[in-house]
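Novice: What follows is a single structure, and I will ask about it in a moment.
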Number of protein chains: 2
Amino acid sequence: MPKYKQFDKDKVLEAASNVFHEKGYNGTSIDEILTATGLSRSSLYDSFKDKHNLYLQSLEFYKESNDKKFQSVDEKNLNGFQKLETMFKGVVNHLVENPDDNGCLLVNAAAEMSKQCFKTSQVICNNKDEVQNLFSSWISDAEQKKVLKLNKPAKIYGQFLYNTLCGLRVMSQSGAGKTELNNVVKVALDSLN
Amino acid sequence: MPKYKQFDKDKVLEAASNVFHEKGYNGTSIDEILTATGLSRSSLYDSFKDKHNLYLQSLEFYKESNDKKFQSVDEKNLNGFQKLETMFKGVVNHLVENPDDNGCLLVNAAAEMSKQCFKTSQVICNNKDEVQNLFSSWISDAEQKKVLKLNKPAKIYGQFLYNTLCGLRVMSQSGAGKTELNNVVKVALDSLN
DNA sequence: AAAACATCGGAATGAATATTCCAAATTATT
DNA sequence: AATAATTTGGAATATTCATTCCGATGTTTT
């Protein structure tokens with residue numbers, strides 16, 4: 001066949017991250033990844049070294065495509081509080097409309113792998129810090145625009161809201177329905193006033 | 001050896017749940033469970049049927065020992081809000097003092113297994129409902145005793161606080177430290193006023 | 001067109017896995 | 001003491017798994 005790579009690396013990582021998302025690291029076999037990606041065994045090992053390395057790259061891919069969603073909210077012409085509302089509404093909608101979606105790959109990775117793989121924990125920790133900082137900046141913006149009047153530093157609310165977000169992902173995997181998730185978001189956002 | 005069972009079933013389930021807690025379902029082998037419990041292969045299969053069944057029993061055991069911690073807080077002579085404070089302080093303390101503790105077995109089970117095993121999801125969902133109800137009753141108590149003045153039904157705050165609790169478990173597995181976790185609890189509890 | 005090169009399919013390997021099975025060991029009952 | 005009952009240790013089995021390897025296939029370059 002080809003002299004240069006025939007497959008789209010991003011497509012492969014997307015397919016792989018879907019499988020890992022569904023079944024976890026220890027729960028997915030290489031064979032499942034091969035059928036999901038359409039790759040041959042040799043190509044996979046040639047291009048991705050081994051299962052563990054593919055997992056890490058899948059995590060990074062998932063994180064980046066997650067970042068893009070946050071960025072698209074960030075680019076809207078809204079104040080920080082409205083961005084928070086938009087983002088949480090989007091998360092809840094996604095969880096409700098995709099009941100078979102297995103939560104969040106990064107949360108699942110934190111639960112399954114963080115204590116067993118340092119590199120996994122690094123990806124997760126970086127994600128946490130980035131998202132918290134983004135939330136904090138939104139909150140600062142809302143404060144500056146006098147939409148919110150806070151009695152704690154914005155950073156602390158960023159931590160709190162990230163915690164709320166993680167909770168939502170777990171709750172959706174624990175049988176929580178739409179109204180339950182909406183209630184949580186409502187209380188969390190109301191607490192900013 | 002004996003004519004009647006020689007091992008303490010609770011001790012076995014405790015040891016097994018520790019291993020599952022550390023490595024997850026798919027990440028632990030029967031051999032690891034045998035060495036952790038000290039049981040022989042035959043005894044284990046004789047008494048617990050198979051790995052999956054042992055996992056479910058370990059989940060139940062973990063859930064019940066968790067329940068006991070909640071009950072011991074509930075039995076204190078405190079108003080509902082103080083019970084919440086005590087409970088969250090206890091959770092954060094435990095997470096901080098046991099940094100190698102792999103979060104919460106039930107949260108990890110939700111992430112790893114809830115979409116692949118109905119019985120697991122049942123245990124998790126039951127736990128969610130029970131804990132939410134307990135929290136709601138504490139909040140109602142605080143309202144009745146005029147410690148809190150709420151503008152939403154107590155049930156909604158129960159959902160919110162359970163969400164906060166799940167978040168803490170994930171955050172601690174994502175590299176969050178003591179002050180970060182305390183900040184989250186502070187904002188969550190302050191939001192009740 | 002021929003040589004060089006990268007990818008691919010699939011068989012092969014070897015280790016790890018969950019589970020079964022049987023004989024030995026031990027205690028309770030008669 | 002002997003029999004019945006039950007657990008246990010460890011060997012045996014049969015799958016599944018991640019990974020390696022090689023010959024075949026196709027593409028680019030000369």
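Each chain in the structure tokens gets a letter, A, B and so on, in the order shown; residues start at 1 in every chain, and ligands are counted from 1 in the order they appear.
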Hey, list the chain A side of the contact with chain B: 7 Å cut-off, only C-alpha atoms, answer as a PyMOL selection string.
Specialist: chain A and resi 24+26-27+102+107-108+110-112+114-115+121+124-125+156+159-160+163-164+166-168+170-171+173-175+180+183-184+187+191
Novice: Return as CSV the residues of chain C lying at most 8 Å from chain A, together with the closest atom-to-atom pair for each and the distance in Å to one decimal, counting only C-alpha atoms (C1' of nucleotides), with rows in chain order and ascending residue number.
Specialist:
```
residue,atom,partner,partner_atom,distance
C:DC5,C1',A:Lys3,CA,6.7
C:DA6,C1',A:Lys3,CA,4.5
C:DT7,C1',A:Met1,CA,5.9
C:DC8,C1',A:Ser40,CA,6.4
C:DG9,C1',A:Ser40,CA,7.1
```
Novice: Neighbouring residues of stretch 60-74 of chain B were defined as those with any atom within 9 Å, considering only C-alpha atoms (C1' of nucleotides); residues of the same chain fewer than 4 positions away were excluded. Please report them as an MDAnalysis selection string.
Specialist: chainID B and resid 10 13:14 17:18 55:56 78 80 83:84 86:87 105:106 123:124 127 131 134 138
Novice: Skipping near chain neighbours, those fewer than 6 positions away, what residues fall within 12 Å of C:DC22 using only C-alpha atoms (C1' of nucleotides), listed as an MDAnalysis selection string?
Specialist: (chainID B and resid 42) or (chainID D and resid 8:12)
Novice: Restrict the selected residues to all heavy atoms and save them as a CSV table (one decimal), in the first residue's frame.
Specialist:
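The new file part00.csv reads:
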```csv
chain,number,residue,atom,x,y,z
B,42,SER,N,-10.0,-22.3,46.1
B,42,SER,CA,-11.3,-23.1,46.2
B,42,SER,C,-12.3,-22.4,47.1
B,42,SER,O,-13.5,-22.4,46.8
B,42,SER,CB,-11.0,-24.5,46.6
B,42,SER,OG,-9.7,-24.8,46.5
D,8,DT,P,-11.5,-22.8,54.1
D,8,DT,OP1,-11.0,-22.0,55.2
D,8,DT,OP2,-12.3,-22.2,53.1
D,8,DT,O5',-10.2,-23.5,53.5
D,8,DT,C5',-9.3,-24.3,54.3
D,8,DT,C4',-8.4,-25.1,53.4
D,8,DT,O4',-9.1,-26.1,52.7
D,8,DT,C3',-7.6,-24.2,52.3
D,8,DT,O3',-6.3,-24.3,52.6
D,8,DT,C2',-8.1,-24.9,51.0
D,8,DT,C1',-8.5,-26.3,51.4
D,8,DT,N1,-9.4,-26.9,50.5
D,8,DT,C2,-9.1,-28.2,50.0
D,8,DT,O2,-8.0,-28.7,50.2
D,8,DT,N3,-10.1,-28.7,49.2
D,8,DT,C4,-11.3,-28.2,48.9
D,8,DT,O4,-12.1,-28.8,48.1
D,8,DT,C5,-11.6,-26.9,49.5
D,8,DT,C7,-12.9,-26.2,49.2
D,8,DT,C6,-10.7,-26.4,50.3
D,9,DG,P,-5.3,-23.2,52.1
D,9,DG,OP1,-4.7,-22.7,53.4
D,9,DG,OP2,-6.1,-22.3,51.3
D,9,DG,O5',-4.2,-24.0,51.3
D,9,DG,C5',-3.7,-25.2,51.7
D,9,DG,C4',-3.1,-26.0,50.6
D,9,DG,O4',-4.1,-26.7,49.9
D,9,DG,C3',-2.3,-25.1,49.6
D,9,DG,O3',-1.0,-25.7,49.4
D,9,DG,C2',-3.2,-25.2,48.3
D,9,DG,C1',-4.0,-26.5,48.5
D,9,DG,N9,-5.4,-26.4,48.0
D,9,DG,C8,-6.3,-25.4,48.2
D,9,DG,N7,-7.4,-25.6,47.7
D,9,DG,C5,-7.3,-26.8,47.1
D,9,DG,C6,-8.3,-27.6,46.3
D,9,DG,O6,-9.4,-27.3,46.1
D,9,DG,N1,-7.7,-28.8,45.9
D,9,DG,C2,-6.5,-29.2,46.2
D,9,DG,N2,-6.1,-30.4,45.7
D,9,DG,N3,-5.5,-28.5,46.8
D,9,DG,C4,-6.1,-27.3,47.3
D,10,DG,P,0.0,-24.9,48.5
D,10,DG,OP1,1.4,-25.2,49.0
D,10,DG,OP2,-0.4,-23.5,48.3
D,10,DG,O5',-0.1,-25.7,47.1
D,10,DG,C5',-0.4,-27.1,47.1
D,10,DG,C4',-0.8,-27.5,45.7
D,10,DG,O4',-2.3,-27.4,45.5
D,10,DG,C3',-0.2,-26.7,44.6
D,10,DG,O3',0.2,-27.6,43.5
D,10,DG,C2',-1.3,-25.8,44.1
D,10,DG,C1',-2.5,-26.7,44.3
D,10,DG,N9,-3.8,-26.1,44.3
D,10,DG,C8,-4.1,-24.9,44.9
D,10,DG,N7,-5.4,-24.6,44.7
D,10,DG,C5,-5.9,-25.7,44.1
D,10,DG,C6,-7.2,-25.9,43.7
D,10,DG,O6,-8.2,-25.2,43.8
D,10,DG,N1,-7.4,-27.2,43.1
D,10,DG,C2,-6.3,-28.0,42.9
D,10,DG,N2,-6.6,-29.2,42.3
D,10,DG,N3,-5.1,-27.8,43.3
D,10,DG,C4,-4.9,-26.6,43.9
D,11,DA,P,1.2,-27.2,42.4
D,11,DA,OP1,2.6,-27.4,43.0
D,11,DA,OP2,0.9,-25.8,41.9
D,11,DA,O5',1.0,-28.3,41.3
D,11,DA,C5',0.5,-29.5,41.7
D,11,DA,C4',-0.6,-30.0,40.7
D,11,DA,O4',-1.8,-29.2,41.0
D,11,DA,C3',-0.3,-29.7,39.2
D,11,DA,O3',-0.7,-30.8,38.5
D,11,DA,C2',-1.2,-28.5,38.9
D,11,DA,C1',-2.4,-28.7,39.8
D,11,DA,N9,-3.1,-27.4,40.1
D,11,DA,C8,-2.6,-26.3,40.7
D,11,DA,N7,-3.4,-25.4,40.9
D,11,DA,C5,-4.6,-25.9,40.4
D,11,DA,C6,-5.9,-25.4,40.3
D,11,DA,N6,-6.3,-24.2,40.7
D,11,DA,N1,-6.9,-26.2,39.7
D,11,DA,C2,-6.5,-27.4,39.3
D,11,DA,N3,-5.3,-28.0,39.4
D,11,DA,C4,-4.4,-27.2,39.9
D,12,DA,P,-0.5,-30.8,36.9
D,12,DA,OP1,-0.3,-32.3,36.5
D,12,DA,OP2,0.5,-29.8,36.5
D,12,DA,O5',-1.9,-30.4,36.4
D,12,DA,C5',-3.1,-31.2,36.7
D,12,DA,C4',-4.2,-30.6,35.9
D,12,DA,O4',-4.7,-29.4,36.5
D,12,DA,C3',-3.9,-30.3,34.4
D,12,DA,O3',-4.9,-30.8,33.6
D,12,DA,C2',-3.8,-28.8,34.4
D,12,DA,C1',-4.8,-28.4,35.4
D,12,DA,N9,-4.6,-27.1,36.0
D,12,DA,C8,-3.4,-26.6,36.5
D,12,DA,N7,-3.5,-25.4,37.0
D,12,DA,C5,-4.9,-25.1,36.9
D,12,DA,C6,-5.6,-23.9,37.2
D,12,DA,N6,-5.1,-22.8,37.8
D,12,DA,N1,-6.9,-24.0,37.0
D,12,DA,C2,-7.5,-25.0,36.4
D,12,DA,N3,-6.9,-26.2,36.0
D,12,DA,C4,-5.5,-26.1,36.3
```
Novice: Write out as CSV a residue-level contact list of chain D versus chain A with cut-off 10 Å: for each qualifying residue the closest pair of atoms and the distance in Å to one decimal, counting only C-alpha atoms (C1' of nucleotides), rows sorted by chain and residue number upward.
Specialist:
```
residue,atom,partner,partner_atom,distance
D:DT16,C1',A:Ser29,CA,9.4
D:DC17,C1',A:Ser29,CA,7.3
D:DA18,C1',A:Ile30,CA,7.4
D:DT19,C1',A:Asp50,CA,8.2
D:DT20,C1',A:Ser42,CA,9.2
D:DC21,C1',A:Ser42,CA,9.6
D:DT25,C1',A:Met1,CA,5.6
D:DG26,C1',A:Met1,CA,3.4
D:DT27,C1',A:Pro2,CA,5.1
D:DT28,C1',A:Lys3,CA,6.8
```
Novice: Among the residues of chain A, find those DSSP assigns to helix (DSSP H, G or I) from the backbone and print them as a ChimeraX atom specification.
Specialist: /A:9-23,30-37,41-48,51-74,80-97,105-113,118-144,154-172,178-190
Novice: As an NGL selection string, please: the residues near C:DT30 (cut-off 10 Å, only C-alpha atoms (C1' of nucleotides), same-chain neighbours under 4 positions excluded).
Specialist: :D and (2-4)
Novice: Those residues with C-alpha atoms (C1' of nucleotides), as a short mmCIF file (atom, residue, chain, number, x, y, z; two decimals), in the first residue's frame please?
Specialist:
```cif
data_model
loop_
_atom_site.label_atom_id
_atom_site.label_comp_id
_atom_site.auth_asym_id
_atom_site.auth_seq_id
_atom_site.Cartn_x
_atom_site.Cartn_y
_atom_site.Cartn_z
"C1'" DA D 2 -15.09 -44.69 62.31
"C1'" DT D 3 -17.86 -42.28 59.28
"C1'" DA D 4 -19.69 -38.08 57.34
#
```
Novice: Provide the atom CA of A:Thr37 to atom CA of A:Lys119 distance in Å, to one decimal place.
Specialist: 23.7 Å
